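Pasted below: target38.pdb, PDB, C-alpha atoms.
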MODEL        1
ATOM      1  CA  MET P   1     -20.132  81.315  22.915
ATOM      2  CA  PRO P   2     -17.717  79.401  25.180
ATOM      3  CA  PRO P   3     -17.558  80.397  28.851
ATOM      4  CA  SER P   4     -14.820  82.847  29.748
ATOM      5  CA  ASN P   5     -11.751  81.516  31.501
ATOM      6  CA  PRO P   6     -10.624  83.843  34.355
ATOM      7  CA  ALA P   7      -7.148  82.283  34.324
ATOM      8  CA  ARG P   8      -6.681  83.065  30.641
ATOM      9  CA  SER P   9      -4.479  86.036  29.637
ATOM     10  CA  GLU P  10      -5.325  88.556  26.962
ATOM     11  CA  PRO P  11      -2.852  88.915  24.094
ATOM     12  CA  GLY P  12       0.254  90.719  25.261
ATOM     13  CA  GLU P  13      -0.456  90.169  28.955
ATOM     14  CA  PRO P  14       2.072  88.222  31.039
ATOM     15  CA  THR P  15       0.932  84.805  32.090
ATOM     16  CA  THR P  16       1.186  83.599  35.670
ATOM     17  CA  PRO P  17       2.032  79.912  35.938
ATOM     18  CA  ALA P  18      -0.550  77.995  37.902
ATOM     19  CA  ALA P  19       0.669  76.570  41.188
ATOM     20  CA  THR P  20       1.416  72.885  40.985
ATOM     21  CA  PRO P  21      -1.218  71.089  43.063
ATOM     22  CA  ILE P  22       0.073  68.952  45.906
ATOM     23  CA  PRO P  23      -0.731  65.275  45.312
ATOM     24  CA  ILE P  24      -3.345  63.812  47.635
ATOM     25  CA  ARG P  25      -0.934  61.329  49.201
ATOM     26  CA  GLU P  26       1.567  64.077  49.959
ATOM     27  CA  ARG P  27      -1.165  66.227  51.520
ATOM     28  CA  GLN P  28      -2.199  63.269  53.658
ATOM     29  CA  ARG P  29       1.418  62.649  54.666
ATOM     30  CA  ARG P  30       1.847  66.246  55.746
ATOM     31  CA  GLN P  31      -1.432  66.213  57.655
ATOM     32  CA  THR P  32      -0.393  63.047  59.468
ATOM     33  CA  ARG P  33       2.971  64.578  60.320
ATOM     34  CA  ASP P  34       1.281  67.725  61.654
ATOM     35  CA  VAL P  35      -1.064  65.686  63.863
ATOM     36  CA  ILE P  36       1.811  63.625  65.271
ATOM     37  CA  PHE P  37       3.859  66.769  65.862
ATOM     38  CA  GLU P  38       1.076  68.574  67.726
ATOM     39  CA  VAL P  39       0.418  65.545  69.931
ATOM     40  CA  ALA P  40       4.141  65.201  70.638
ATOM     41  CA  MET P  41       4.393  68.868  71.596
ATOM     42  CA  ALA P  42       1.550  68.423  74.085
ATOM     43  CA  GLU P  43       3.217  65.325  75.538
ATOM     44  CA  ILE P  44       6.603  67.029  75.913
ATOM     45  CA  ALA P  45       4.951  70.101  77.423
ATOM     46  CA  GLU P  46       3.304  67.895  80.049
ATOM     47  CA  HIS P  47       5.958  65.247  80.736
ATOM     48  CA  GLY P  48       9.255  66.592  79.390
ATOM     49  CA  LEU P  49      11.257  64.888  76.647
ATOM     50  CA  ALA P  50      12.419  62.035  78.892
ATOM     51  CA  GLY P  51       8.821  61.272  79.858
ATOM     52  CA  VAL P  52       7.510  60.999  76.317
ATOM     53  CA  ARG P  53       6.167  57.589  75.283
ATOM     54  CA  ILE P  54       5.932  56.907  71.562
ATOM     55  CA  GLU P  55       3.031  54.499  72.071
ATOM     56  CA  HIS P  56       1.040  57.298  73.717
ATOM     57  CA  ILE P  57       1.776  59.657  70.838
ATOM     58  CA  ALA P  58       0.768  56.993  68.320
ATOM     59  CA  ARG P  59      -2.501  56.229  70.098
ATOM     60  CA  LYS P  60      -3.494  59.865  70.517
ATOM     61  CA  SER P  61      -2.549  60.597  66.899
ATOM     62  CA  GLY P  62      -4.577  57.654  65.593
ATOM     63  CA  VAL P  63      -1.571  56.036  63.913
ATOM     64  CA  THR P  64       0.795  53.132  64.554
ATOM     65  CA  ARG P  65       4.202  53.309  66.242
ATOM     66  CA  PRO P  66       6.006  52.601  62.922
ATOM     67  CA  THR P  67       4.180  55.593  61.397
ATOM     68  CA  VAL P  68       5.440  57.857  64.186
ATOM     69  CA  TYR P  69       8.990  56.585  63.682
ATOM     70  CA  ALA P  70       8.697  57.050  59.918
ATOM     71  CA  HIS P  71       8.113  60.771  60.483
ATOM     72  CA  PHE P  72      10.218  61.269  63.623
ATOM     73  CA  PRO P  73      12.884  58.556  64.061
ATOM     74  CA  THR P  74      13.942  59.868  67.500
ATOM     75  CA  ARG P  75      12.322  61.915  70.245
ATOM     76  CA  GLU P  76      14.841  64.683  69.571
ATOM     77  CA  ASP P  77      13.406  64.990  66.066
ATOM     78  CA  PHE P  78      10.255  66.466  67.610
ATOM     79  CA  LEU P  79      12.379  69.298  68.990
ATOM     80  CA  ARG P  80      14.277  69.714  65.720
ATOM     81  CA  GLU P  81      10.950  70.116  63.940
ATOM     82  CA  MET P  82       9.891  72.620  66.584
ATOM     83  CA  GLN P  83      13.075  74.633  65.990
ATOM     84  CA  GLU P  84      12.606  74.580  62.223
ATOM     85  CA  ARG P  85       9.067  75.885  62.589
ATOM     86  CA  ALA P  86      10.246  78.541  65.037
ATOM     87  CA  ASP P  87      12.921  79.629  62.537
ATOM     88  CA  ALA P  88      10.249  79.891  59.838
ATOM     89  CA  ARG P  89       8.095  82.060  62.127
ATOM     90  CA  ALA P  90      11.082  84.265  62.978
ATOM     91  CA  LEU P  91      11.868  84.687  59.275
ATOM     92  CA  ALA P  92       8.254  85.597  58.506
ATOM     93  CA  TYR P  93       8.287  88.028  61.446
ATOM     94  CA  LEU P  94      11.375  89.818  60.126
ATOM     95  CA  ARG P  95      10.147  89.956  56.547
ATOM     96  CA  GLU P  96       6.781  91.321  57.618
ATOM     97  CA  ARG P  97       8.408  94.140  59.575
ATOM     98  CA  LEU P  98      11.453  94.890  57.454
ATOM     99  CA  ASP P  99      10.742  94.138  53.794
ATOM    100  CA  GLY P 100       9.947  97.359  51.993
ATOM    101  CA  GLU P 101      10.706  99.408  55.097
ATOM    102  CA  ALA P 102      13.363 102.069  55.430
ATOM    103  CA  GLU P 103      14.551 100.587  58.705
ATOM    104  CA  GLY P 104      18.027  99.143  58.446
ATOM    105  CA  GLY P 105      21.268  98.906  60.361
ATOM    106  CA  ASP P 106      21.003  97.653  63.898
ATOM    107  CA  GLY P 107      17.209  97.965  63.671
ATOM    108  CA  LEU P 108      17.244  94.523  62.062
ATOM    109  CA  PHE P 109      18.741  92.916  65.163
ATOM    110  CA  HIS P 110      16.691  94.985  67.603
ATOM    111  CA  THR P 111      13.551  93.828  65.797
ATOM    112  CA  LEU P 112      14.791  90.253  65.949
ATOM    113  CA  VAL P 113      15.439  90.522  69.705
ATOM    114  CA  ASP P 114      11.852  91.544  70.384
ATOM    115  CA  GLY P 115      10.483  88.835  68.113
ATOM    116  CA  LEU P 116      12.568  86.066  69.682
ATOM    117  CA  PHE P 117      11.754  87.114  73.249
ATOM    118  CA  ASP P 118       8.056  87.304  72.393
ATOM    119  CA  MET P 119       8.174  83.837  70.823
ATOM    120  CA  ALA P 120      10.001  82.409  73.844
ATOM    121  CA  ALA P 121       7.466  83.957  76.227
ATOM    122  CA  SER P 122       4.578  82.385  74.306
ATOM    123  CA  THR P 123       6.158  78.901  74.349
ATOM    124  CA  ASN P 124       5.416  76.337  77.057
ATOM    125  CA  GLU P 125       8.174  76.302  79.691
ATOM    126  CA  ASN P 126       9.012  72.613  79.251
ATOM    127  CA  LEU P 127       9.124  72.940  75.466
ATOM    128  CA  ARG P 128      11.280  76.030  75.684
ATOM    129  CA  ARG P 129      13.804  74.509  78.081
ATOM    130  CA  GLU P 130      13.960  71.168  76.258
ATOM    131  CA  SER P 131      14.573  72.980  72.983
ATOM    132  CA  PHE P 132      17.294  75.197  74.460
ATOM    133  CA  ALA P 133      18.959  72.173  76.060
ATOM    134  CA  MET P 134      19.108  70.369  72.726
ATOM    135  CA  MET P 135      20.480  73.455  70.984
ATOM    136  CA  LEU P 136      23.309  73.482  73.532
ATOM    137  CA  ARG P 137      23.967  69.793  72.865
ATOM    138  CA  GLU P 138      23.842  70.346  69.102
ATOM    139  CA  PRO P 139      25.563  73.669  68.296
ATOM    140  CA  ARG P 140      24.037  75.293  65.248
ATOM    141  CA  SER P 141      27.125  77.022  63.851
ATOM    142  CA  GLU P 142      27.990  74.231  61.422
ATOM    143  CA  ARG P 143      24.401  74.212  60.098
ATOM    144  CA  TRP P 144      24.096  77.964  59.525
ATOM    145  CA  LEU P 145      25.497  77.891  55.995
ATOM    146  CA  GLY P 146      22.519  77.848  53.664
ATOM    147  CA  HIS P 147      20.035  78.255  56.530
ATOM    148  CA  GLU P 148      17.207  80.481  55.264
ATOM    149  CA  LEU P 149      16.837  82.695  58.348
ATOM    150  CA  PHE P 150      20.609  83.098  58.712
ATOM    151  CA  SER P 151      21.018  83.841  54.996
ATOM    152  CA  TYR P 152      18.267  86.471  55.115
ATOM    153  CA  ILE P 153      19.890  88.269  58.056
ATOM    154  CA  VAL P 154      23.334  88.130  56.383
ATOM    155  CA  GLU P 155      21.835  89.668  53.245
ATOM    156  CA  CYS P 156      20.204  92.463  55.274
ATOM    157  CA  VAL P 157      23.469  93.114  57.132
ATOM    158  CA  ALA P 158      25.409  93.364  53.871
ATOM    159  CA  LYS P 159      22.872  95.836  52.451
ATOM    160  CA  SER P 160      22.994  97.929  55.632
ATOM    161  CA  GLN P 161      26.801  98.011  55.460
ATOM    162  CA  ALA P 162      26.636  99.134  51.833
ATOM    163  CA  ARG P 163      24.322 101.975  52.876
ATOM    164  CA  GLY P 164      26.678 102.967  55.697
ATOM    165  CA  GLU P 165      24.181 101.986  58.424
ATOM    166  CA  LEU P 166      26.422  99.352  59.987
ATOM    167  CA  PRO P 167      30.197  99.416  60.498
ATOM    168  CA  GLU P 168      32.144  98.279  57.470
ATOM    169  CA  GLY P 169      35.116  95.949  57.672
ATOM    170  CA  ARG P 170      33.166  93.198  59.399
ATOM    171  CA  ASP P 171      32.248  90.083  57.488
ATOM    172  CA  PRO P 172      28.408  89.939  57.346
ATOM    173  CA  GLU P 173      28.356  86.208  58.109
ATOM    174  CA  ASP P 174      30.690  86.564  61.094
ATOM    175  CA  LEU P 175      28.756  89.552  62.419
ATOM    176  CA  THR P 176      25.453  87.672  62.102
ATOM    177  CA  ARG P 177      26.823  84.482  63.659
ATOM    178  CA  ILE P 178      28.379  86.252  66.656
ATOM    179  CA  THR P 179      25.301  88.410  67.226
ATOM    180  CA  LEU P 180      22.887  85.471  67.049
ATOM    181  CA  SER P 181      25.069  83.464  69.430
ATOM    182  CA  ALA P 182      24.969  86.312  71.941
ATOM    183  CA  LEU P 183      21.193  86.693  71.590
ATOM    184  CA  PHE P 184      20.689  82.965  72.166
ATOM    185  CA  ALA P 185      22.535  83.262  75.474
ATOM    186  CA  PHE P 186      20.298  86.122  76.633
ATOM    187  CA  ILE P 187      17.139  84.218  75.694
ATOM    188  CA  SER P 188      18.088  80.778  76.995
ATOM    189  CA  ILE P 189      19.918  81.531  80.282
ATOM    190  CA  GLU P 190      17.124  82.394  82.692
ATOM    191  CA  GLY P 191      19.094  83.946  85.560
ATOM    192  CA  THR P 192      17.074  87.165  85.561
ATOM    193  CA  SER P 193      13.616  88.201  84.397
ATOM    194  CA  PRO P 194      12.843  88.063  80.666
ATOM    195  CA  GLU P 195      12.397  91.838  80.524
ATOM    196  CA  ALA P 196      15.773  92.429  82.195
ATOM    197  CA  ARG P 197      17.440  90.060  79.717
ATOM    198  CA  ARG P 198      15.630  91.741  76.830
ATOM    199  CA  ARG P 199      16.973  95.139  77.931
ATOM    200  CA  ASP P 200      20.485  93.708  78.284
ATOM    201  CA  ALA P 201      20.265  92.187  74.800
ATOM    202  CA  HIS P 202      19.285  95.531  73.289
ATOM    203  CA  GLN P 203      22.130  97.240  75.153
ATOM    204  CA  LEU P 204      24.638  94.667  73.899
ATOM    205  CA  LEU P 205      23.488  95.295  70.335
ATOM    206  CA  ASP P 206      24.111  99.018  70.770
ATOM    207  CA  TRP P 207      27.637  98.267  71.963
ATOM    208  CA  LEU P 208      28.375  95.526  69.436
ATOM    209  CA  LEU P 209      27.000  97.228  66.359
ATOM    210  CA  GLY P 210      27.787 100.798  67.258
ATOM    211  CA  GLN P 211      31.522 100.425  67.788
ATOM    212  CA  PRO P 212      34.057 100.711  64.967
ATOM    213  CA  ALA P 213      35.694  97.482  63.834
TER     214      ALA P 213
ENDMDL
END
This structure in structure tokens:
Amino acid sequence: MPPSNPARSEPGEPTTPAATPIPIRERQRRQTRDVIFEVAMAEIAEHGLAGVRIEHIARKSGVTRPTVYAHFPTREDFLREMQERADARALAYLRERLDGEAEGGDGLFHTLVDGLFDMAASTNENLRRESFAMMLREPRSERWLGHELFSYIVECVAKSQARGELPEGRDPEDLTRITLSALFAFISIEGTSPEARRRDAHQLLDWLLGQPA
């Protein structure tokens, strides 16, 4: 009798396609990129972006300078990668807390405020300030279209409007863009304590999302 196959479906049962395995070379490429990225983050945290030396990153990563440049052509690309990973964490944070939950309306943005402030607090000061500085140099508005985190929030806003939890008559994309821009200012401009800015951000949301259009 042949051995049973746990992946095999009984007649009439739906089949689940097996995940396509990642080729070895691609896995190695990603691992190399991750190593370089982590070393670069440590270097920027210690020396700031201007003090980063590619030869130091290459040596500590166990690769050559051309390999570093192949993954990150400029020093700013380290920060862009950092922002992309932060966006992915923020998206996962929102989905974990909101998907399948009854919470809607402005609760989406209030949840996001707490997540973003917590992430900023857990990030090295140099990394945080270098990242914010680059975001000011490279405004994100033109890159929001199709951005996964932005698209997810827009979708949640539209659903909340349909349920009557958020004011109607406001374009979901415009509402999301304006709200995120305001939140970025509260997080990045460090004139007062983080907790004071967090409270102000929550208060602004109450004003912004609670008023009729």
Practice prompt. Find, counting only C-alpha atoms, the residue in P:Asp200, P:Glu96, P:Glu43, P:Asp206 that gets nearest to Ser61 of chain P.
Written response: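 Of P:Asp200, P:Glu96, P:Glu43, P:Asp206, the one nearest Ser61 of chain P, counting only C-alpha atoms, is P:Glu43.
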Requested in this report: Name the closest residue to Phe150 of chain P among the candidates P:Pro73, P:Pro23, P:Pro172, P:Gly62; distances are taken between atoms, counting only C-alpha atoms.
Outcome: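 Result for the nearest residue to Phe150 of chain P: P:Pro172.
Across the model, the gap from atom CA of Asp77 of chain P to atom CA of Val35 of chain P is 14.7 Å.
Among the candidates P:Arg137, P:Asp99, P:Leu205, P:Ala50, the one nearest to Glu155 of chain P when counting all atoms listed in the file is P:Asp99.
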For Leu94 of chain P, find every residue with an atom within 8 Å (counting only C-alpha atoms), except residues of its own chain fewer than 6 positions away, and show them as a PyMOL selection string. chain P and resi 108+111-112
Looking at all atoms listed in the file, which of P:Glu125, P:Glu46, P:Glu38, P:Ala70 is the one that sits closest to Met82 of chain P?
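The closest residue to Met82 of chain P is P:Glu38.
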- Task: Can you work out the spacing between atom CA of Ala40 of chain P and atom CA of Ile57 of chain P in Å, to one decimal?
- Result: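 According to the coordinates, atom CA of Ala40 of chain P and atom CA of Ile57 of chain P are separated by 6.0 Å.
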What separates atom CA of Glu81 of chain P and atom CA of Phe109 of chain P is a distance of 24.1 Å
Let me know the residues the PyMOL selection byres ((chain P and resi 159) around 12) catches in the file above, as a list of chain:residue names.
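Listing what the PyMOL selection byres ((chain P and resi 159) around 12) selects in the shown file: P:Ala102, P:Glu103, P:Gly104, P:Gly105, P:Asp106, P:Leu108, P:Tyr152, P:Ile153, P:Val154, P:Glu155, P:Cys156, P:Val157, P:Ala158, P:Ser160, P:Gln161, P:Ala162, P:Arg163, P:Gly164, P:Glu165, P:Leu166, P:Pro167, P:Glu168, P:Pro172.
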Output for the residues just chosen: C-alpha atoms as a tab-separated table (two decimals), keeping the file's coordinate frame:
chain	number	residue	atom	x	y	z
P	102	ALA	CA	13.36	102.07	55.43
P	103	GLU	CA	14.55	100.59	58.70
P	104	GLY	CA	18.03	99.14	58.45
P	105	GLY	CA	21.27	98.91	60.36
P	106	ASP	CA	21.00	97.65	63.90
P	108	LEU	CA	17.24	94.52	62.06
P	152	TYR	CA	18.27	86.47	55.12
P	153	ILE	CA	19.89	88.27	58.06
P	154	VAL	CA	23.33	88.13	56.38
P	155	GLU	CA	21.84	89.67	53.24
P	156	CYS	CA	20.20	92.46	55.27
P	157	VAL	CA	23.47	93.11	57.13
P	158	ALA	CA	25.41	93.36	53.87
P	160	SER	CA	22.99	97.93	55.63
P	161	GLN	CA	26.80	98.01	55.46
P	162	ALA	CA	26.64	99.13	51.83
P	163	ARG	CA	24.32	101.98	52.88
P	164	GLY	CA	26.68	102.97	55.70
P	165	GLU	CA	24.18	101.99	58.42
P	166	LEU	CA	26.42	99.35	59.99
P	167	PRO	CA	30.20	99.42	60.50
P	168	GLU	CA	32.14	98.28	57.47
P	172	PRO	CA	28.41	89.94	57.35
Residue nearest Leu204 of chain P among P:Val113, P:His147, P:Arg128, P:Ile24 (counting all atoms listed in the file):
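Looking at the shortest contact to Leu204 of chain P, the residue is P:Val113.
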Go through P:Glu195, P:Glu130, P:Glu173, P:Glu190 and flag the residue nearest Phe78 of chain P, using only C-alpha atoms for the distances.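 Selected residue with least distance to Phe78 of chain P: P:Glu130.
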Output of the PyMOL selection byres ((chain P and resi 45) around 10), listed as a PDB file with C-alpha atoms, in the frame of the given file:
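This is the output file part08.pdb:
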ATOM      1  CA  VAL P  39       0.418  65.545  69.931  1.00  0.00           C
ATOM      2  CA  ALA P  40       4.141  65.201  70.638  1.00  0.00           C
ATOM      3  CA  MET P  41       4.393  68.868  71.596  1.00  0.00           C
ATOM      4  CA  ALA P  42       1.550  68.423  74.085  1.00  0.00           C
ATOM      5  CA  GLU P  43       3.217  65.325  75.538  1.00  0.00           C
ATOM      6  CA  ILE P  44       6.603  67.029  75.913  1.00  0.00           C
ATOM      7  CA  GLU P  46       3.304  67.895  80.049  1.00  0.00           C
ATOM      8  CA  HIS P  47       5.958  65.247  80.736  1.00  0.00           C
ATOM      9  CA  GLY P  48       9.255  66.592  79.390  1.00  0.00           C
ATOM     10  CA  LEU P  49      11.257  64.888  76.647  1.00  0.00           C
ATOM     11  CA  GLY P  51       8.821  61.272  79.858  1.00  0.00           C
ATOM     12  CA  VAL P  52       7.510  60.999  76.317  1.00  0.00           C
ATOM     13  CA  THR P 123       6.158  78.901  74.349  1.00  0.00           C
ATOM     14  CA  ASN P 124       5.416  76.337  77.057  1.00  0.00           C
ATOM     15  CA  GLU P 125       8.174  76.302  79.691  1.00  0.00           C
ATOM     16  CA  ASN P 126       9.012  72.613  79.251  1.00  0.00           C
ATOM     17  CA  LEU P 127       9.124  72.940  75.466  1.00  0.00           C
ATOM     18  CA  ARG P 128      11.280  76.030  75.684  1.00  0.00           C
ATOM     19  CA  ARG P 129      13.804  74.509  78.081  1.00  0.00           C
ATOM     20  CA  GLU P 130      13.960  71.168  76.258  1.00  0.00           C
TER      21      GLU P 130
END
**Matched chain/residue IDs from the PyMOL selection byres ((chain P and resi 68) around 9), as a list in words** = Arg33, Ile36, Ile54, Glu55, Ile57, Ala58, Ser61, Val63, Thr64, Arg65, Pro66, Thr67, Tyr69, Ala70, His71, Phe72 and Pro73 of chain P
